[in-house]
Each structure stands twice: as C-alpha cells, then as structure tokens.
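Next comes my_file_3.csv, a file with CSV, N, CA, C and O atoms.
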chain,number,residue,atom,x,y,z
A,490,HIS,N,13.2,65.6,15.3
A,490,HIS,CA,13.5,64.2,14.8
A,490,HIS,C,13.8,64.3,13.3
A,490,HIS,O,14.7,63.6,12.8
A,491,SER,N,13.0,65.0,12.6
A,491,SER,CA,13.2,65.1,11.1
A,491,SER,C,14.5,65.7,10.8
A,491,SER,O,15.2,65.2,9.8
A,492,CYS,N,15.0,66.6,11.6
A,492,CYS,CA,16.3,67.2,11.4
A,492,CYS,C,17.4,66.1,11.6
A,492,CYS,O,18.4,66.1,10.8
A,493,LEU,N,17.3,65.3,12.6
A,493,LEU,CA,18.2,64.3,12.9
A,493,LEU,C,18.2,63.2,11.7
A,493,LEU,O,19.3,62.8,11.3
A,494,GLU,N,17.1,62.9,11.2
A,494,GLU,CA,17.0,61.9,10.1
A,494,GLU,C,17.7,62.5,8.9
A,494,GLU,O,18.5,61.8,8.2
A,495,LYS,N,17.5,63.8,8.6
A,495,LYS,CA,18.1,64.4,7.4
A,495,LYS,C,19.7,64.5,7.6
A,495,LYS,O,20.4,64.2,6.7
A,496,TYR,N,20.1,64.7,8.9
A,496,TYR,CA,21.5,64.8,9.2
A,496,TYR,C,22.2,63.4,8.8
A,496,TYR,O,23.2,63.4,8.1
A,497,TRP,N,21.6,62.3,9.3
A,497,TRP,CA,22.2,61.0,9.1
A,497,TRP,C,22.1,60.7,7.6
A,497,TRP,O,23.1,60.0,7.1
A,498,SER,N,21.1,61.1,6.9
A,498,SER,CA,21.0,60.7,5.5
A,498,SER,C,22.0,61.5,4.6
A,498,SER,O,22.4,61.0,3.6
A,499,GLN,N,22.5,62.6,5.1
A,499,GLN,CA,23.5,63.4,4.4
A,499,GLN,C,25.0,63.0,4.8
A,499,GLN,O,25.9,63.4,4.2
A,500,ARG,N,25.1,62.2,5.8
A,500,ARG,CA,26.5,61.7,6.2
A,500,ARG,C,27.0,60.7,5.2
A,500,ARG,O,26.3,60.0,4.6
A,501,PRO,N,28.3,60.6,5.0
A,501,PRO,CA,28.9,59.6,4.1
A,501,PRO,C,28.5,58.2,4.4
A,501,PRO,O,28.4,57.4,3.5
A,502,GLU,N,28.3,57.9,5.7
A,502,GLU,CA,28.0,56.5,6.0
A,502,GLU,C,26.5,56.2,5.6
A,502,GLU,O,26.2,55.0,5.5
A,503,GLY,N,25.7,57.2,5.5
A,503,GLY,CA,24.3,56.9,5.2
A,503,GLY,C,23.4,56.6,6.4
A,503,GLY,O,23.9,56.1,7.4
A,504,TRP,N,22.2,56.7,6.2
A,504,TRP,CA,21.2,56.5,7.2
A,504,TRP,C,21.2,55.0,7.7
A,504,TRP,O,21.2,54.7,8.8
A,505,ALA,N,21.2,54.1,6.7
A,505,ALA,CA,21.1,52.7,7.0
A,505,ALA,C,22.2,52.1,7.8
A,505,ALA,O,22.1,51.2,8.6
A,506,PHE,N,23.4,52.7,7.7
A,506,PHE,CA,24.6,52.3,8.4
A,506,PHE,C,24.3,52.2,9.9
A,506,PHE,O,24.7,51.2,10.6
A,507,TRP,N,23.7,53.2,10.4
A,507,TRP,CA,23.5,53.3,11.9
A,507,TRP,C,22.5,52.2,12.4
A,507,TRP,O,22.6,51.8,13.5
A,508,PHE,N,21.6,51.7,11.5
A,508,PHE,CA,20.6,50.7,11.9
A,508,PHE,C,21.0,49.3,11.5
A,508,PHE,O,20.4,48.3,12.0
A,509,SER,N,22.0,49.1,10.6
A,509,SER,CA,22.3,47.8,10.2
A,509,SER,C,23.6,47.3,10.8
A,509,SER,O,24.0,46.2,10.6
A,510,ASN,N,24.3,48.2,11.5
A,510,ASN,CA,25.6,47.9,12.2
A,510,ASN,C,25.3,47.3,13.6
A,510,ASN,O,24.8,48.1,14.4
A,511,PRO,N,25.6,46.1,13.9
A,511,PRO,CA,25.3,45.5,15.2
A,511,PRO,C,26.1,46.1,16.3
A,511,PRO,O,25.8,45.9,17.5
A,512,ASP,N,27.2,46.9,16.0
A,512,ASP,CA,28.0,47.5,17.1
A,512,ASP,C,27.3,48.8,17.7
A,512,ASP,O,27.8,49.3,18.7
A,513,PHE,N,26.3,49.2,17.0
A,513,PHE,CA,25.6,50.5,17.5
A,513,PHE,C,24.2,50.2,17.9
A,513,PHE,O,23.5,49.4,17.4
A,514,ALA,N,23.7,51.0,18.8
A,514,ALA,CA,22.3,51.2,19.1
A,514,ALA,C,22.0,52.7,19.0
A,514,ALA,O,22.8,53.5,19.6
A,515,VAL,N,21.0,53.1,18.3
A,515,VAL,CA,20.8,54.5,18.1
A,515,VAL,C,19.4,55.0,18.5
A,515,VAL,O,18.6,55.4,17.7
A,516,PRO,N,19.1,54.8,19.8
A,516,PRO,CA,17.8,55.3,20.2
A,516,PRO,C,17.8,56.8,20.5
A,516,PRO,O,18.9,57.3,20.9
A,517,LEU,N,16.8,57.5,20.2
A,517,LEU,CA,16.7,58.9,20.6
A,517,LEU,C,15.9,58.8,21.9
A,517,LEU,O,14.7,58.6,22.0
A,518,ARG,N,16.7,58.9,23.0
A,518,ARG,CA,16.1,58.7,24.3
A,518,ARG,C,15.9,59.9,25.2
A,518,ARG,O,15.3,59.8,26.2
A,519,HIS,N,16.6,61.0,24.8
A,519,HIS,CA,16.4,62.2,25.6
A,519,HIS,C,16.5,63.4,24.7
A,519,HIS,O,17.4,63.5,23.8
A,520,SER,N,15.7,64.4,24.9
A,520,SER,CA,15.8,65.7,24.2
A,520,SER,C,15.3,66.8,25.1
A,520,SER,O,14.5,66.5,26.0
A,521,GLU,N,15.8,68.0,24.9
A,521,GLU,CA,15.3,69.1,25.7
A,521,GLU,C,15.4,70.3,24.9
A,521,GLU,O,16.2,70.4,23.9
A,522,ALA,N,14.7,71.4,25.3
A,522,ALA,CA,14.7,72.6,24.5
A,522,ALA,C,14.6,73.8,25.3
A,522,ALA,O,14.0,73.8,26.4
A,523,ASP,N,15.3,74.9,24.9
A,523,ASP,CA,15.1,76.2,25.5
A,523,ASP,C,14.5,77.0,24.4
A,523,ASP,O,15.1,77.3,23.4
A,524,TYR,N,13.2,77.4,24.6
A,524,TYR,CA,12.5,78.2,23.6
A,524,TYR,C,12.8,79.7,23.9
A,524,TYR,O,12.5,80.2,24.9
A,525,MET,N,13.4,80.4,22.9
A,525,MET,CA,13.7,81.8,23.0
A,525,MET,C,12.6,82.6,22.4
A,525,MET,O,12.5,83.8,22.6
A,526,ALA,N,11.7,82.0,21.6
A,526,ALA,CA,10.5,82.7,21.0
A,526,ALA,C,9.5,81.6,20.7
A,526,ALA,O,9.8,80.5,20.5
A,527,PRO,N,8.2,82.0,20.5
A,527,PRO,CA,7.2,81.0,20.2
A,527,PRO,C,7.4,80.5,18.8
A,527,PRO,O,7.8,81.2,17.9
A,528,LEU,N,7.0,79.2,18.7
A,528,LEU,CA,6.9,78.6,17.3
A,528,LEU,C,5.5,78.5,16.9
A,528,LEU,O,4.6,78.1,17.7
A,529,LYS,N,5.2,79.0,15.7
A,529,LYS,CA,3.8,79.0,15.3
A,529,LYS,C,3.4,77.8,14.4
A,529,LYS,O,4.2,77.5,13.5
A,530,ALA,N,2.3,77.2,14.7
A,530,ALA,CA,1.9,76.0,13.9
A,530,ALA,C,1.7,76.4,12.5
A,530,ALA,O,1.2,77.5,12.2
A,531,GLY,N,2.1,75.6,11.6
A,531,GLY,CA,2.0,75.8,10.1
A,531,GLY,C,3.1,76.6,9.5
A,531,GLY,O,3.1,76.7,8.3
A,532,GLN,N,3.9,77.2,10.3
A,532,GLN,CA,5.0,78.0,9.8
A,532,GLN,C,6.2,77.1,9.5
A,532,GLN,O,6.5,76.2,10.2
A,533,THR,N,6.9,77.4,8.4
A,533,THR,CA,8.1,76.7,8.1
A,533,THR,C,9.3,77.3,8.8
A,533,THR,O,9.5,78.5,8.8
A,534,TYR,N,10.2,76.5,9.3
A,534,TYR,CA,11.4,76.9,10.0
A,534,TYR,C,12.6,76.2,9.4
A,534,TYR,O,12.5,75.2,8.8
A,535,LYS,N,13.8,76.9,9.6
A,535,LYS,CA,15.0,76.2,9.2
A,535,LYS,C,15.7,75.7,10.4
A,535,LYS,O,15.7,76.3,11.5
A,536,ALA,N,16.1,74.4,10.4
A,536,ALA,CA,16.8,73.8,11.5
A,536,ALA,C,18.2,73.4,11.1
A,536,ALA,O,18.4,72.9,10.0
A,537,GLU,N,19.2,73.7,12.0
A,537,GLU,CA,20.6,73.4,11.7
A,537,GLU,C,21.0,72.5,12.9
A,537,GLU,O,20.9,72.8,14.0
A,538,LEU,N,21.5,71.3,12.5
A,538,LEU,CA,22.0,70.3,13.5
A,538,LEU,C,23.5,70.2,13.4
A,538,LEU,O,24.1,70.2,12.3
A,539,SER,N,24.1,70.2,14.6
A,539,SER,CA,25.5,70.0,14.6
A,539,SER,C,25.9,69.0,15.7
A,539,SER,O,25.2,68.9,16.7
A,540,LEU,N,27.0,68.3,15.5
A,540,LEU,CA,27.5,67.3,16.4
A,540,LEU,C,28.2,68.0,17.5
A,540,LEU,O,29.1,68.8,17.3
A,541,ASP,N,27.8,67.8,18.8
A,541,ASP,CA,28.3,68.5,19.9
A,541,ASP,C,29.4,67.6,20.6
A,541,ASP,O,30.4,68.1,21.0
A,542,HIS,N,29.1,66.3,20.8
A,542,HIS,CA,30.0,65.5,21.6
A,542,HIS,C,29.7,64.0,21.3
A,542,HIS,O,28.6,63.6,21.2
A,543,ILE,N,30.8,63.3,21.2
A,543,ILE,CA,30.7,61.8,21.0
A,543,ILE,C,31.4,61.2,22.3
A,543,ILE,O,32.6,61.5,22.5
A,544,GLY,N,30.6,60.5,23.0
A,544,GLY,CA,31.2,59.8,24.2
A,544,GLY,C,31.3,58.3,24.0
A,544,GLY,O,31.1,57.8,22.9
A,545,GLU,N,31.6,57.6,25.0
A,545,GLU,CA,31.8,56.1,25.0
A,545,GLU,C,30.4,55.4,24.7
A,545,GLU,O,30.4,54.4,24.0
A,546,THR,N,29.4,56.0,25.3
A,546,THR,CA,28.1,55.4,25.2
A,546,THR,C,27.0,56.3,24.7
A,546,THR,O,25.8,56.0,24.8
A,547,SER,N,27.4,57.5,24.2
A,547,SER,CA,26.4,58.5,23.8
A,547,SER,C,26.9,59.5,22.8
A,547,SER,O,28.1,59.5,22.6
A,548,VAL,N,26.0,60.1,22.2
A,548,VAL,CA,26.3,61.2,21.2
A,548,VAL,C,25.4,62.3,21.5
A,548,VAL,O,24.2,62.1,21.8
A,549,GLU,N,25.9,63.6,21.4
A,549,GLU,CA,25.0,64.7,21.7
A,549,GLU,C,25.1,65.7,20.5
A,549,GLU,O,26.1,65.9,19.9
A,550,PHE,N,23.9,66.2,20.1
A,550,PHE,CA,23.7,67.1,19.0
A,550,PHE,C,23.1,68.4,19.6
A,550,PHE,O,22.5,68.5,20.6
A,551,VAL,N,23.4,69.5,18.8
A,551,VAL,CA,22.7,70.8,19.1
A,551,VAL,C,21.9,71.1,17.8
A,551,VAL,O,22.4,71.0,16.7
A,552,CYS,N,20.6,71.4,18.0
A,552,CYS,CA,19.8,71.8,16.9
A,552,CYS,C,19.3,73.2,17.2
A,552,CYS,O,18.7,73.5,18.2
A,553,GLU,N,19.6,74.1,16.2
A,553,GLU,CA,19.1,75.5,16.3
A,553,GLU,C,18.0,75.7,15.2
A,553,GLU,O,18.1,75.2,14.1
A,554,ILE,N,16.9,76.3,15.6
A,554,ILE,CA,15.8,76.5,14.8
A,554,ILE,C,15.6,78.0,14.5
A,554,ILE,O,15.6,78.8,15.4
A,555,PHE,N,15.5,78.4,13.2
A,555,PHE,CA,15.4,79.8,12.8
A,555,PHE,C,14.1,80.0,12.0
A,555,PHE,O,13.7,79.1,11.2
A,556,ASP,N,13.5,81.2,12.1
A,556,ASP,CA,12.3,81.5,11.4
A,556,ASP,C,12.6,82.3,10.1
A,556,ASP,O,11.7,82.8,9.5
A,557,GLY,N,13.9,82.6,9.9
A,557,GLY,CA,14.3,83.3,8.7
A,557,GLY,C,14.5,84.8,8.9
A,557,GLY,O,14.8,85.6,8.1
A,558,GLU,N,14.2,85.3,10.2
A,558,GLU,CA,14.4,86.7,10.5
A,558,GLU,C,15.6,86.9,11.4
A,558,GLU,O,16.0,86.1,12.1
This entry written out as structure tokens:
Amino acid sequence: HSCLEKYWSQRPEGWAFWFSNPDFAVPLRHSEADYMAPLKAGQTYKAELSLDHIGETSVEFVCEIFDGE
C-alpha cells in the first residue's frame, strides 16, 4: 500500500486528484502475491510499481519487491 501511495504522489496529477475527483472511486479492493523468497521483518526492501492495465472499471498494477541482492 505504501508503494501505491508513493506512486500516486509522484504522478503529475498528484495524490489528491484521485480522491477529490467525483468521476473516480479508488478503493484498493483486491491484492495477491506470489512469494519467491521469504521477507524478513525489520529488513528494508525496494519496491517497484508499474501500471499493468487500465480497464473501464478497474486499474491493475504490478509491484516487484527486491532485497538488493
């Protein structure tokens, strides 16, 4: 979720645009993950978010998480 917030804040439209525009609803209603390796509590990771698909009623992102190795 933090990665998604950072993504929106770096967009030209800005974070507030998505929540102040009455034409949009932006709930985070579904997420899923495929874990390729364990994530350790307290360790810092790098997350990269990319836009995958924009549909008529949805938007899909891909978030990749790296431990620097």
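Shortest separation to A:Leu538 among A:Val551, A:Ser491, A:Trp504, A:His519 occurs at residue A:Val551, atoms counted being only C-alpha atoms.
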_atom O of A:Glu553 to atom N of A:Asp523, distance in Å rounded to a single decimal_ = 11.2 Å
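Among the candidates A:Ile543, A:Ile554, A:Val548, A:Ala505, the residue lying nearest to A:Arg518 is A:Val548 (atoms considered: only C-alpha atoms).
Picture a line from atom CA of A:Ala522 to atom CA of A:Gln499; it runs 23.8 Å.
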*asked:* Using only N, CA, C and O atoms, can you tell me which of A:Glu549, A:Glu521, A:Glu502, A:Asp556 comes closest to A:Thr533?
replied: A:Asp556
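DSSP secondary structure from the backbone places Ser491, Cys492, Leu493, Glu494, Lys495, Tyr496, Trp497, Ser498, Gln499, Trp504, Ala505, Phe506, Trp507, Phe508 and Ser509 of chain A of chain A in helix (DSSP H, G or I).
One finds atom CA of A:Thr546 at 21.6 Å from atom CA of A:Ser498.
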*Identify, with DSSP run on backbone atoms, the residues in chain A assigned to strand (DSSP E or B), and express the list as a PyMOL selection string.*
chain A and resi 535-543+548-555
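Taking only N, CA, C and O atoms into account, A:Phe555 lies nearest to A:Gln532 out of the set A:Gln532, A:Asn510, A:Lys495, A:Pro501.
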